[in-house]
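Data from protein07.pdb: PDB, C-alpha atoms and all ligand atoms
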ATOM      1  CA  MET A   1      93.719  93.193 108.390
ATOM      2  CA  PRO A   2      97.065  92.490 110.102
ATOM      3  CA  ILE A   3      99.988  91.908 107.719
ATOM      4  CA  GLN A   4     101.531  88.455 107.962
ATOM      5  CA  ALA A   5     105.259  88.701 107.291
ATOM      6  CA  THR A   6     106.851  86.476 104.669
ATOM      7  CA  GLN A   7     110.541  85.749 104.166
ATOM      8  CA  TYR A   8     111.500  87.986 101.244
ATOM      9  CA  ILE A   9     110.673  91.292  99.612
ATOM     10  CA  TRP A  10     111.882  92.173  96.127
ATOM     11  CA  HIS A  11     113.824  95.459  96.132
ATOM     12  CA  ASN A  12     115.349  96.994  92.989
ATOM     13  CA  GLY A  13     116.087  93.613  91.459
ATOM     14  CA  GLU A  14     117.129  91.661  94.583
ATOM     15  CA  LEU A  15     115.273  89.526  97.074
ATOM     16  CA  ILE A  16     115.994  90.924 100.532
ATOM     17  CA  PRO A  17     114.817  89.720 103.960
ATOM     18  CA  TRP A  18     111.367  91.051 104.931
ATOM     19  CA  GLU A  19     112.735  92.787 108.052
ATOM     20  CA  LYS A  20     115.423  94.642 106.059
ATOM     21  CA  ALA A  21     112.880  96.348 103.785
ATOM     22  CA  ASN A  22     112.987  99.668 105.649
ATOM     23  CA  ILE A  23     113.195 103.322 104.610
ATOM     24  CA  HIS A  24     114.520 106.491 106.225
ATOM     25  CA  VAL A  25     112.034 108.832 107.873
ATOM     26  CA  MET A  26     113.373 111.658 105.691
ATOM     27  CA  SER A  27     112.450 109.816 102.473
ATOM     28  CA  HIS A  28     110.488 112.033 100.086
ATOM     29  CA  VAL A  29     107.475 109.721 100.104
ATOM     30  CA  VAL A  30     106.975 110.070 103.845
ATOM     31  CA  HIS A  31     106.568 113.836 103.585
ATOM     32  CA  TYR A  32     104.895 114.364 100.230
ATOM     33  CA  GLY A  33     103.050 111.122  99.469
ATOM     34  CA  SER A  34     105.154 110.433  96.381
ATOM     35  CA  SER A  35     104.293 106.796  95.697
ATOM     36  CA  VAL A  36     102.421 104.707  93.155
ATOM     37  CA  PHE A  37     101.451 101.123  93.785
ATOM     38  CA  GLU A  38      99.383  98.090  92.873
ATOM     39  CA  GLY A  39      97.280  95.542  94.713
ATOM     40  CA  ILE A  40      97.030  92.125  93.068
ATOM     41  CA  ARG A  41      95.567  88.775  94.048
ATOM     42  CA  CYS A  42      97.042  85.370  93.522
ATOM     43  CA  TYR A  43      94.249  82.790  93.617
ATOM     44  CA  ALA A  44      94.322  79.150  94.587
ATOM     45  CA  GLN A  45      93.555  76.939  91.604
ATOM     46  CA  PRO A  46      92.798  73.202  91.578
ATOM     47  CA  ASP A  47      96.307  72.485  90.231
ATOM     48  CA  GLY A  48      98.335  75.299  91.824
ATOM     49  CA  ALA A  49      97.944  79.055  91.951
ATOM     50  CA  GLY A  50      97.501  81.896  89.469
ATOM     51  CA  VAL A  51      98.103  85.651  89.650
ATOM     52  CA  PHE A  52      95.091  87.595  88.390
ATOM     53  CA  ARG A  53      95.775  89.857  85.401
ATOM     54  CA  LEU A  54      99.419  90.403  86.260
ATOM     55  CA  PRO A  55     100.461  92.116  82.970
ATOM     56  CA  GLU A  56      97.541  94.564  83.254
ATOM     57  CA  HIS A  57      98.448  95.453  86.846
ATOM     58  CA  MET A  58     102.080  95.991  85.899
ATOM     59  CA  ALA A  59     101.090  98.092  82.889
ATOM     60  CA  ARG A  60      98.994 100.287  85.202
ATOM     61  CA  LEU A  61     101.942 100.626  87.587
ATOM     62  CA  VAL A  62     104.155 101.754  84.710
ATOM     63  CA  ASP A  63     101.439 104.246  83.655
ATOM     64  CA  SER A  64     101.131 105.600  87.206
ATOM     65  CA  ALA A  65     104.906 106.085  87.398
ATOM     66  CA  LYS A  66     104.915 107.819  84.014
ATOM     67  CA  ILE A  67     102.217 110.290  85.086
ATOM     68  CA  TYR A  68     104.365 111.228  88.088
ATOM     69  CA  ARG A  69     107.618 111.385  86.078
ATOM     70  CA  MET A  70     109.163 108.545  88.043
ATOM     71  CA  PRO A  71     111.743 106.843  85.800
ATOM     72  CA  LEU A  72     111.380 103.090  86.244
ATOM     73  CA  ALA A  73     114.434 100.917  85.709
ATOM     74  CA  TYR A  74     112.195  97.935  84.932
ATOM     75  CA  THR A  75     109.690  97.171  82.197
ATOM     76  CA  ALA A  76     106.200  95.862  82.924
ATOM     77  CA  GLU A  77     107.399  92.420  81.793
ATOM     78  CA  GLU A  78     110.406  92.489  84.161
ATOM     79  CA  LEU A  79     108.157  93.555  87.022
ATOM     80  CA  SER A  80     105.755  90.711  86.223
ATOM     81  CA  THR A  81     108.660  88.270  86.396
ATOM     82  CA  ALA A  82     109.691  89.823  89.712
ATOM     83  CA  VAL A  83     106.191  89.232  91.102
ATOM     84  CA  VAL A  84     106.351  85.550  90.164
ATOM     85  CA  ASP A  85     109.880  85.315  91.657
ATOM     86  CA  VAL A  86     108.895  86.785  95.009
ATOM     87  CA  ILE A  87     105.777  84.610  95.298
ATOM     88  CA  GLU A  88     107.768  81.484  94.482
ATOM     89  CA  ALA A  89     110.625  82.465  96.832
ATOM     90  CA  ASN A  90     108.165  82.970  99.693
ATOM     91  CA  GLY A  91     106.137  79.901  98.785
ATOM     92  CA  VAL A  92     102.930  81.641  99.810
ATOM     93  CA  ALA A  93      99.670  81.268  97.896
ATOM     94  CA  PRO A  94      96.896  82.297  97.797
ATOM     95  CA  CYS A  95      98.246  85.732  98.538
ATOM     96  CA  TYR A  96      98.013  89.462  98.063
ATOM     97  CA  ILE A  97     100.815  91.199  96.177
ATOM     98  CA  ARG A  98     101.811  94.785  96.809
ATOM     99  CA  PRO A  99     104.279  96.340  94.343
ATOM    100  CA  ILE A 100     105.189  99.913  95.301
ATOM    101  CA  VAL A 101     107.321 102.556  93.612
ATOM    102  CA  PHE A 102     108.261 105.676  95.528
ATOM    103  CA  ARG A 103     110.651 108.572  95.850
ATOM    104  CA  GLY A 104     113.199 107.667  98.495
ATOM    105  CA  TYR A 105     115.879 109.450 100.506
ATOM    106  CA  GLY A 106     117.467 112.317  98.591
ATOM    107  CA  GLU A 107     116.365 115.891  98.897
ATOM    108  CA  ILE A 108     113.927 117.789 101.046
ATOM    109  CA  GLY A 109     111.473 119.998  99.149
ATOM    110  CA  VAL A 110     108.384 119.311  97.086
ATOM    111  CA  ASN A 111     110.154 118.697  93.769
ATOM    112  CA  PRO A 112     110.771 114.922  93.730
ATOM    113  CA  LEU A 113     113.036 114.719  90.700
ATOM    114  CA  LYS A 114     116.317 114.446  92.607
ATOM    115  CA  SER A 115     115.117 111.810  95.054
ATOM    116  CA  PRO A 116     115.781 108.196  93.983
ATOM    117  CA  VAL A 117     113.009 105.965  92.688
ATOM    118  CA  GLU A 118     112.741 102.790  94.746
ATOM    119  CA  VAL A 119     110.784  99.694  93.741
ATOM    120  CA  TYR A 120     109.611  97.058  96.201
ATOM    121  CA  ILE A 121     107.317  94.054  95.775
ATOM    122  CA  ALA A 122     105.904  92.259  98.793
ATOM    123  CA  ASN A 123     103.465  89.387  99.039
ATOM    124  CA  PHE A 124     101.722  87.890 102.017
ATOM    125  CA  PRO A 125      99.012  85.349 102.702
ATOM    126  CA  TRP A 126      95.499  86.371 101.861
ATOM    127  CA  GLY A 127      93.043  83.556 101.813
ATOM    128  CA  LYS A 128      89.483  83.247 100.765
ATOM    129  CA  TYR A 129      87.430  86.058 102.218
ATOM    130  CA  VAL A 130      84.154  84.788 103.586
ATOM    131  CA  PRO A 131      81.905  87.817 103.826
ATOM    132  CA  GLY A 132      78.563  86.021 103.948
ATOM    133  CA  ASN A 133      76.268  86.972 101.150
ATOM    134  CA  HIS A 134      74.343  89.695 102.885
ATOM    135  CA  GLY A 135      75.697  92.521 100.708
ATOM    136  CA  ALA A 136      77.185  95.851 101.720
ATOM    137  CA  ASP A 137      75.305  98.724 103.323
ATOM    138  CA  VAL A 138      76.866 101.868 101.915
ATOM    139  CA  CYS A 139      76.365 105.620 101.980
ATOM    140  CA  VAL A 140      77.069 108.484  99.646
ATOM    141  CA  SER A 141      80.017 110.265 101.190
ATOM    142  CA  SER A 142      80.083 113.910 102.150
ATOM    143  CA  TRP A 143      83.579 113.875 100.610
ATOM    144  CA  ASN A 144      83.890 114.164  96.823
ATOM    145  CA  ARG A 145      86.412 112.167  94.798
ATOM    146  CA  LEU A 146      89.400 113.948  93.274
ATOM    147  CA  ALA A 147      88.503 116.735  90.899
ATOM    148  CA  PRO A 148      89.912 116.461  87.367
ATOM    149  CA  ASN A 149      93.232 118.162  86.934
ATOM    150  CA  THR A 150      93.993 118.122  90.634
ATOM    151  CA  MET A 151      95.113 114.588  91.491
ATOM    152  CA  PRO A 152      95.048 112.281  88.446
ATOM    153  CA  SER A 153      92.644 109.401  89.122
ATOM    154  CA  LEU A 154      94.213 107.170  86.497
ATOM    155  CA  ALA A 155      97.380 107.035  88.565
ATOM    156  CA  LYS A 156      97.073 104.618  91.463
ATOM    157  CA  ALA A 157      99.029 106.953  93.717
ATOM    158  CA  GLY A 158      99.408 106.624  97.465
ATOM    159  CA  ALA A 159      98.354 110.250  97.908
ATOM    160  CA  ASN A 160      94.934 109.554  96.320
ATOM    161  CA  TYR A 161      94.206 107.327  99.281
ATOM    162  CA  MET A 162      94.069 110.270 101.677
ATOM    163  CA  ASN A 163      90.753 111.034  99.960
ATOM    164  CA  SER A 164      89.807 107.345 100.189
ATOM    165  CA  GLN A 165      90.637 107.356 103.892
ATOM    166  CA  LEU A 166      88.282 110.276 104.519
ATOM    167  CA  ILE A 167      85.468 108.474 102.673
ATOM    168  CA  ARG A 168      86.052 105.154 104.396
ATOM    169  CA  MET A 169      86.462 106.561 107.926
ATOM    170  CA  GLU A 170      83.308 108.632 107.645
ATOM    171  CA  ALA A 171      81.335 105.636 106.340
ATOM    172  CA  GLU A 172      82.491 103.264 109.067
ATOM    173  CA  ILE A 173      82.081 105.801 111.878
ATOM    174  CA  ASN A 174      78.487 106.284 110.714
ATOM    175  CA  GLY A 175      77.816 102.537 110.686
ATOM    176  CA  TYR A 176      78.158 101.790 106.959
ATOM    177  CA  ASP A 177      80.450  99.278 105.291
ATOM    178  CA  GLU A 178      81.726 101.702 102.661
ATOM    179  CA  GLY A 179      81.183 105.153 101.162
ATOM    180  CA  ILE A 180      80.638 106.163  97.550
ATOM    181  CA  GLY A 181      82.275 109.388  96.410
ATOM    182  CA  LEU A 182      80.637 111.784  93.969
ATOM    183  CA  ASP A 183      82.783 113.605  91.463
ATOM    184  CA  VAL A 184      83.261 117.363  91.521
ATOM    185  CA  ASN A 185      80.033 117.846  89.515
ATOM    186  CA  GLY A 186      77.944 115.636  91.810
ATOM    187  CA  TYR A 187      77.903 112.591  89.512
ATOM    188  CA  LEU A 188      78.603 109.130  90.849
ATOM    189  CA  SER A 189      82.276 108.247  90.897
ATOM    190  CA  GLU A 190      83.391 105.188  92.918
ATOM    191  CA  GLY A 191      83.893 103.717  96.370
ATOM    192  CA  SER A 192      86.989 104.468  98.446
ATOM    193  CA  GLY A 193      88.665 101.432  96.891
ATOM    194  CA  GLU A 194      86.163  99.977  94.415
ATOM    195  CA  ASN A 195      84.543 100.731  91.081
ATOM    196  CA  LEU A 196      80.777 100.994  90.958
ATOM    197  CA  PHE A 197      78.191  99.247  88.779
ATOM    198  CA  VAL A 198      74.399  99.612  88.812
ATOM    199  CA  VAL A 199      71.694  97.680  86.992
ATOM    200  CA  ARG A 200      68.373  99.149  85.973
ATOM    201  CA  GLY A 201      66.052  96.996  83.910
ATOM    202  CA  ASP A 202      68.344  94.771  81.895
ATOM    203  CA  VAL A 203      71.090  97.363  81.395
ATOM    204  CA  LEU A 204      74.380  97.373  83.278
ATOM    205  CA  TYR A 205      75.805 100.842  83.897
ATOM    206  CA  THR A 206      79.181 101.920  85.155
ATOM    207  CA  THR A 207      80.804 105.285  85.600
ATOM    208  CA  PRO A 208      83.348 106.236  82.912
ATOM    209  CA  LEU A 209      86.969 107.173  83.520
ATOM    210  CA  ALA A 210      86.132 110.880  83.198
ATOM    211  CA  ASN A 211      84.151 110.739  86.465
ATOM    212  CA  SER A 212      87.359 110.495  88.524
ATOM    213  CA  VAL A 213      87.544 106.721  88.806
ATOM    214  CA  LEU A 214      90.509 104.394  88.842
ATOM    215  CA  ASN A 215      90.728 102.320  85.671
ATOM    216  CA  GLY A 216      89.969  99.193  87.665
ATOM    217  CA  ILE A 217      91.207  95.867  86.430
ATOM    218  CA  THR A 218      88.273  94.016  87.979
ATOM    219  CA  ARG A 219      86.014  96.629  86.345
ATOM    220  CA  SER A 220      87.476  95.852  82.946
ATOM    221  CA  SER A 221      87.116  92.105  83.636
ATOM    222  CA  ILE A 222      83.430  92.541  84.483
ATOM    223  CA  LEU A 223      82.912  94.627  81.326
ATOM    224  CA  GLN A 224      84.508  91.828  79.305
ATOM    225  CA  LEU A 225      82.356  89.160  80.971
ATOM    226  CA  ALA A 226      79.178  91.220  80.566
ATOM    227  CA  LYS A 227      79.791  91.674  76.866
ATOM    228  CA  GLN A 228      80.417  87.959  76.447
ATOM    229  CA  LEU A 229      77.253  87.114  78.387
ATOM    230  CA  GLY A 230      75.230  89.394  76.094
ATOM    231  CA  ILE A 231      74.435  91.949  78.830
ATOM    232  CA  THR A 232      73.945  95.496  77.531
ATOM    233  CA  VAL A 233      76.630  97.710  79.053
ATOM    234  CA  VAL A 234      76.505 101.497  79.184
ATOM    235  CA  GLU A 235      79.404 103.607  80.442
ATOM    236  CA  GLN A 236      78.010 107.045  81.177
ATOM    237  CA  ALA A 237      77.874 109.737  83.839
ATOM    238  CA  LEU A 238      75.267 108.719  86.410
ATOM    239  CA  PRO A 239      73.328 110.933  88.789
ATOM    240  CA  ARG A 240      73.382 110.083  92.499
ATOM    241  CA  GLU A 241      69.708 109.120  92.516
ATOM    242  CA  MET A 242      70.391 106.184  90.167
ATOM    243  CA  LEU A 243      71.582 104.472  93.326
ATOM    244  CA  TYR A 244      68.154 104.877  94.911
ATOM    245  CA  ILE A 245      66.103 103.631  91.938
ATOM    246  CA  CYS A 246      68.363 100.924  90.520
ATOM    247  CA  ASP A 247      67.451  97.240  90.703
ATOM    248  CA  GLU A 248      70.957  96.035  91.546
ATOM    249  CA  ALA A 249      74.323  97.559  92.390
ATOM    250  CA  PHE A 250      77.758  96.145  93.065
ATOM    251  CA  PHE A 251      81.366  97.088  93.701
ATOM    252  CA  THR A 252      84.350  95.618  91.912
ATOM    253  CA  GLY A 253      87.975  95.635  92.989
ATOM    254  CA  THR A 254      90.924  93.460  93.846
ATOM    255  CA  ALA A 255      89.883  93.435  97.502
ATOM    256  CA  ALA A 256      86.090  93.623  97.027
ATOM    257  CA  GLU A 257      86.131  91.277  93.997
ATOM    258  CA  VAL A 258      82.401  91.451  93.127
ATOM    259  CA  THR A 259      80.374  92.567  96.158
ATOM    260  CA  HIS A 260      76.701  93.406  95.848
ATOM    261  CA  LEU A 261      75.252  96.426  97.614
ATOM    262  CA  ARG A 262      72.284  95.791  99.881
ATOM    263  CA  SER A 263      71.401  99.403 100.605
ATOM    264  CA  VAL A 264      72.515 102.948  99.903
ATOM    265  CA  ASP A 265      71.811 105.646 102.486
ATOM    266  CA  ARG A 266      69.502 103.096 104.181
ATOM    267  CA  ILE A 267      67.408 102.741 101.007
ATOM    268  CA  LEU A 268      67.159  99.069 100.063
ATOM    269  CA  ILE A 269      68.358  98.112  96.582
ATOM    270  CA  GLY A 270      65.802  95.718  95.066
ATOM    271  CA  ASP A 271      64.930  93.304  97.876
ATOM    272  CA  GLY A 272      68.462  93.580  99.277
ATOM    273  CA  THR A 273      69.656  90.254  97.903
ATOM    274  CA  MET A 274      72.066  89.753  95.008
ATOM    275  CA  GLY A 275      70.081  90.364  91.819
ATOM    276  CA  PRO A 276      70.138  88.156  88.710
ATOM    277  CA  ILE A 277      72.604  90.149  86.594
ATOM    278  CA  THR A 278      75.039  90.557  89.490
ATOM    279  CA  THR A 279      74.684  86.851  90.260
ATOM    280  CA  LYS A 280      75.544  85.912  86.673
ATOM    281  CA  LEU A 281      78.637  88.119  86.629
ATOM    282  CA  HIS A 282      79.668  87.102  90.154
ATOM    283  CA  LYS A 283      79.534  83.430  89.164
ATOM    284  CA  ALA A 284      81.346  83.950  85.859
ATOM    285  CA  PHE A 285      84.119  85.879  87.657
ATOM    286  CA  PHE A 286      84.607  83.405  90.512
ATOM    287  CA  ASP A 287      84.411  80.377  88.237
ATOM    288  CA  ILE A 288      87.448  81.673  86.372
ATOM    289  CA  VAL A 289      89.534  82.875  89.307
ATOM    290  CA  ASN A 290      88.849  79.708  91.284
ATOM    291  CA  GLY A 291      89.727  77.554  88.285
ATOM    292  CA  LEU A 292      86.226  76.041  87.981
ATOM    293  CA  ALA A 293      85.857  77.317  84.403
ATOM    294  CA  PRO A 294      88.528  77.570  81.690
ATOM    295  CA  ASP A 295      90.634  80.710  81.804
ATOM    296  CA  ARG A 296      89.250  81.819  78.440
ATOM    297  CA  PHE A 297      90.613  85.356  78.629
ATOM    298  CA  ASN A 298      94.063  84.277  79.774
ATOM    299  CA  TRP A 299      93.709  86.168  83.037
ATOM    300  CA  LEU A 300      95.850  83.964  85.258
ATOM    301  CA  THR A 301      99.644  83.744  85.364
ATOM    302  CA  PRO A 302     100.635  80.424  86.951
ATOM    303  CA  VAL A 303     103.042  80.334  89.895
ATOM    304  CA  LYS A 304     104.796  77.259  91.242
ATOM    305  CA  VAL A 305     103.761  77.252  94.877
ATOM    306  CA  LYS A 306     102.116  74.671  97.084
ATOM    307  CA  VAL A 307      98.720  76.162  97.904
ATOM    308  CA  GLU A 308      97.659  76.455 101.501
ATOM    309  CA  GLU A 309      94.085  77.612 101.669
ATOM    310  CA  THR A 310      93.605  80.028 104.527
ATOM    311  CA  VAL A 311      90.611  82.070 105.462
ATOM    312  CA  GLY A 312      91.220  85.803 105.603
ATOM    313  CA  VAL A 313      89.515  88.335 107.811
TER
HETATM  314  C1  LIG B 401      89.961 103.953  94.276
HETATM  315  C2  LIG B 401      89.860 102.602  93.671
HETATM  316  N1  LIG B 401      88.955 102.396  92.690
HETATM  317  C3  LIG B 401      88.831 101.180  92.123
HETATM  318  C4  LIG B 401      89.611 100.112  92.512
HETATM  319  C5  LIG B 401      89.460  98.781  91.836
HETATM  320  O1  LIG B 401      90.558  98.551  90.996
HETATM  321  P1  LIG B 401      91.082  97.082  90.720
HETATM  322  O2  LIG B 401      89.915  96.303  90.218
HETATM  323  O3  LIG B 401      92.137  97.267  89.688
HETATM  324  O4  LIG B 401      91.584  96.549  92.010
HETATM  325  C6  LIG B 401      90.560 100.287  93.526
HETATM  326  C7  LIG B 401      91.425  99.187  93.961
HETATM  327  O5  LIG B 401      92.532  99.086  93.547
HETATM  328  C8  LIG B 401      90.686 101.560  94.107
HETATM  329  O6  LIG B 401      91.571 101.769  95.077
END
As structure tokens, how would this structure be written, given the file I've shared?
Amino acid sequence: MPIQATQYIWHNGELIPWEKANIHVMSHVVHYGSSVFEGIRCYAQPDGAGVFRLPEHMARLVDSAKIYRMPLAYTAEELSTAVVDVIEANGVAPCYIRPIVFRGYGEIGVNPLKSPVEVYIANFPWGKYVPGNHGADVCVSSWNRLAPNTMPSLAKAGANYMNSQLIRMEAEINGYDEGIGLDVNGYLSEGSGENLFVVRGDVLYTTPLANSVLNGITRSSILQLAKQLGITVVEQALPREMLYICDEAFFTGTAAEVTHLRSVDRILIGDGTMGPITTKLHKAFFDIVNGLAPDRFNWLTPVKVKVEETVGV
């Protein structure tokens, strides 16, 4: 999806012009992948716009930075305020928000500790995605997800996405919409940029954090909704073949939101349509983010922006 420039980007406490938000080619991050980031949605609401689970995203960013020993000059609360400031300064909603923390220009060499930590927050228009309701045709990737104690999956680090890129490229080149990675032991892990849920009978399963998954914020929202809707939820290691015998499966993520899977490795899931449990959760999720149901979990942070509904690609 092409990036649509806005007017300002937040950089280390200041709003700077979009075109001035540049870095030197010798910055540490360019050579060694030393970045952590977030991806957040701001949704159009009937009476304005709301950022989805902003404190949770900022808490995860702070956690990611901590794992990589990146001292952050800002608290999660200050970063949340910065997100609201940049959205309001740009006057763009609905939108996608990309906060990023990285090691900048300082020293050459793997050790990052003497290179400065830079913080940027950008936002740009991202309207309603209209995927049709046909579901995603996915494959199990020949690439595994990150093995434990190699690259930490709980950090949303730029470098993790080299693995995601391999999974996604392979899937698309082979005619699938997305790939699912197995963990180092061959258990289901997650998509290149989504958490994974499957339904068998009336039980909803998802892979636990120990199977090399990102602690997804949409995942945790779906777990919360499922519990409230009285759906039995089991977090456990799942063998690959669960994908072939399940009744329903779906991805969750900031980009994917709740997307049902139609087939895995060309094996149809159920009859290929969105099953009843997925439909219930899908509706409960979208009712809240679109402001059609009360925000009973306090998931949305309001922003003062005139909403211009656009359709994304
Ligand atoms: C690898 C990976 N897993 C899962 C997710 C879903 O996480 P979230 O719901 O917080 O967007 C993402 C997206 O950020 C991701 O990149």
#### Entry: Reference answer for the PyMOL selection byres (((chain A and resi 231) around 9) and not hetatm), as a ChimeraX atom specification
/A:202-204,225-230,232-233,277
Expected file: the selected residues, C-alpha atoms, as a short mmCIF file (atom, residue, chain, number, x, y, z; two decimals), in the frame of the given file:
data_model
loop_
_atom_site.label_atom_id
_atom_site.label_comp_id
_atom_site.auth_asym_id
_atom_site.auth_seq_id
_atom_site.Cartn_x
_atom_site.Cartn_y
_atom_site.Cartn_z
CA ASP A 202 68.34 94.77 81.90
CA VAL A 203 71.09 97.36 81.40
CA LEU A 204 74.38 97.37 83.28
CA LEU A 225 82.36 89.16 80.97
CA ALA A 226 79.18 91.22 80.57
CA LYS A 227 79.79 91.67 76.87
CA GLN A 228 80.42 87.96 76.45
CA LEU A 229 77.25 87.11 78.39
CA GLY A 230 75.23 89.39 76.09
CA THR A 232 73.94 95.50 77.53
CA VAL A 233 76.63 97.71 79.05
CA ILE A 277 72.60 90.15 86.59
#
### Message
Let me see if you get this right: every residue at most 7 Å from ligand LIG 401 (chain B), counting all atoms listed in the file, written as a PyMOL selection string.
### Response
chain A and resi 38-39+164+190-195+213-219+252-255
Can you write out the residues you just picked, keeping C-alpha atoms, as a PDB file, in the coordinates of the input?
ATOM      1  CA  GLU A  38      99.383  98.090  92.873  1.00  0.00           C
ATOM      2  CA  GLY A  39      97.280  95.542  94.713  1.00  0.00           C
ATOM      3  CA  SER A 164      89.807 107.345 100.189  1.00  0.00           C
ATOM      4  CA  GLU A 190      83.391 105.188  92.918  1.00  0.00           C
ATOM      5  CA  GLY A 191      83.893 103.717  96.370  1.00  0.00           C
ATOM      6  CA  SER A 192      86.989 104.468  98.446  1.00  0.00           C
ATOM      7  CA  GLY A 193      88.665 101.432  96.891  1.00  0.00           C
ATOM      8  CA  GLU A 194      86.163  99.977  94.415  1.00  0.00           C
ATOM      9  CA  ASN A 195      84.543 100.731  91.081  1.00  0.00           C
ATOM     10  CA  VAL A 213      87.544 106.721  88.806  1.00  0.00           C
ATOM     11  CA  LEU A 214      90.509 104.394  88.842  1.00  0.00           C
ATOM     12  CA  ASN A 215      90.728 102.320  85.671  1.00  0.00           C
ATOM     13  CA  GLY A 216      89.969  99.193  87.665  1.00  0.00           C
ATOM     14  CA  ILE A 217      91.207  95.867  86.430  1.00  0.00           C
ATOM     15  CA  THR A 218      88.273  94.016  87.979  1.00  0.00           C
ATOM     16  CA  ARG A 219      86.014  96.629  86.345  1.00  0.00           C
ATOM     17  CA  THR A 252      84.350  95.618  91.912  1.00  0.00           C
ATOM     18  CA  GLY A 253      87.975  95.635  92.989  1.00  0.00           C
ATOM     19  CA  THR A 254      90.924  93.460  93.846  1.00  0.00           C
ATOM     20  CA  ALA A 255      89.883  93.435  97.502  1.00  0.00           C
TER      21      ALA A 255
END
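The smallest atom-to-atom distance between Asp295 in chain A and any of A:Lys156, A:His31, A:Arg53, A:Lys20, using all atoms listed in the file, is found for A:Arg53.
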Contacts between range 262-266 of chain A and range 97-199 of chain A, please, where a residue of range 97-199 of chain A counts if it comes within 10 Å (with only C-alpha atoms); show its shortest atom pair and distance in Å to one decimal, rows by chain and ascending number, as a tab-separated table.
residue	atom	partner	partner_atom	distance
A:Asn133	CA	A:Arg262	CA	9.8
A:His134	CA	A:Arg262	CA	7.1
A:Gly135	CA	A:Arg262	CA	4.8
A:Ala136	CA	A:Arg262	CA	5.2
A:Asp137	CA	A:Ser263	CA	4.8
A:Val138	CA	A:Val264	CA	4.9
A:Cys139	CA	A:Asp265	CA	4.6
A:Val140	CA	A:Asp265	CA	6.6
A:Ser141	CA	A:Asp265	CA	9.5
A:Tyr176	CA	A:Asp265	CA	8.7
A:Glu178	CA	A:Val264	CA	9.7
A:Gly179	CA	A:Val264	CA	9.0
A:Ile180	CA	A:Val264	CA	9.0
Hey, can you spit out that residue selection with C-alpha atoms as a PDB file, keeping the file's coordinate frame?
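Result file follows (part22.pdb):
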ATOM      1  CA  ASN A 133      76.268  86.972 101.150  1.00  0.00           C
ATOM      2  CA  HIS A 134      74.343  89.695 102.885  1.00  0.00           C
ATOM      3  CA  GLY A 135      75.697  92.521 100.708  1.00  0.00           C
ATOM      4  CA  ALA A 136      77.185  95.851 101.720  1.00  0.00           C
ATOM      5  CA  ASP A 137      75.305  98.724 103.323  1.00  0.00           C
ATOM      6  CA  VAL A 138      76.866 101.868 101.915  1.00  0.00           C
ATOM      7  CA  CYS A 139      76.365 105.620 101.980  1.00  0.00           C
ATOM      8  CA  VAL A 140      77.069 108.484  99.646  1.00  0.00           C
ATOM      9  CA  SER A 141      80.017 110.265 101.190  1.00  0.00           C
ATOM     10  CA  TYR A 176      78.158 101.790 106.959  1.00  0.00           C
ATOM     11  CA  GLU A 178      81.726 101.702 102.661  1.00  0.00           C
ATOM     12  CA  GLY A 179      81.183 105.153 101.162  1.00  0.00           C
ATOM     13  CA  ILE A 180      80.638 106.163  97.550  1.00  0.00           C
TER      14      ILE A 180
END
### Summary
Here CA of Leu238 in chain A and CA of Phe52 in chain A stand apart by 29.0 Å
### Task
Neighbourhood query: residues within 8 Å of (110.3, 97.5, 94.5), file coordinates, counting only C-alpha atoms; return as a ChimeraX atom specification.
/A:10-13,99-101,118-121
### Task
For CA of Ser115 in chain A and CA of Ile23 in chain A, quote the distance in Å rounded to one decimal.
12.9 Å
### Task
Find the distance between CA of Gly104 in chain A and CA of Ser35 in chain A and write it in Å to one decimal.
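Atom-to-atom, CA of Gly104 in chain A and CA of Ser35 in chain A are spaced 9.4 Å apart.
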Run the PyMOL selection byres (((chain A and resi 279) around 12) and not hetatm) on the file and write out the hits as a PDB file with C-alpha atoms, keeping the file's coordinate frame.
ATOM      1  CA  ASN A 133      76.268  86.972 101.150  1.00  0.00           C
ATOM      2  CA  GLY A 135      75.697  92.521 100.708  1.00  0.00           C
ATOM      3  CA  VAL A 199      71.694  97.680  86.992  1.00  0.00           C
ATOM      4  CA  ILE A 222      83.430  92.541  84.483  1.00  0.00           C
ATOM      5  CA  ALA A 226      79.178  91.220  80.566  1.00  0.00           C
ATOM      6  CA  GLU A 248      70.957  96.035  91.546  1.00  0.00           C
ATOM      7  CA  ALA A 249      74.323  97.559  92.390  1.00  0.00           C
ATOM      8  CA  PHE A 250      77.758  96.145  93.065  1.00  0.00           C
ATOM      9  CA  VAL A 258      82.401  91.451  93.127  1.00  0.00           C
ATOM     10  CA  THR A 259      80.374  92.567  96.158  1.00  0.00           C
ATOM     11  CA  HIS A 260      76.701  93.406  95.848  1.00  0.00           C
ATOM     12  CA  THR A 273      69.656  90.254  97.903  1.00  0.00           C
ATOM     13  CA  MET A 274      72.066  89.753  95.008  1.00  0.00           C
ATOM     14  CA  GLY A 275      70.081  90.364  91.819  1.00  0.00           C
ATOM     15  CA  PRO A 276      70.138  88.156  88.710  1.00  0.00           C
ATOM     16  CA  ILE A 277      72.604  90.149  86.594  1.00  0.00           C
ATOM     17  CA  THR A 278      75.039  90.557  89.490  1.00  0.00           C
ATOM     18  CA  LYS A 280      75.544  85.912  86.673  1.00  0.00           C
ATOM     19  CA  LEU A 281      78.637  88.119  86.629  1.00  0.00           C
ATOM     20  CA  HIS A 282      79.668  87.102  90.154  1.00  0.00           C
ATOM     21  CA  LYS A 283      79.534  83.430  89.164  1.00  0.00           C
ATOM     22  CA  ALA A 284      81.346  83.950  85.859  1.00  0.00           C
ATOM     23  CA  PHE A 285      84.119  85.879  87.657  1.00  0.00           C
ATOM     24  CA  PHE A 286      84.607  83.405  90.512  1.00  0.00           C
ATOM     25  CA  ASP A 287      84.411  80.377  88.237  1.00  0.00           C
TER      26      ASP A 287
END
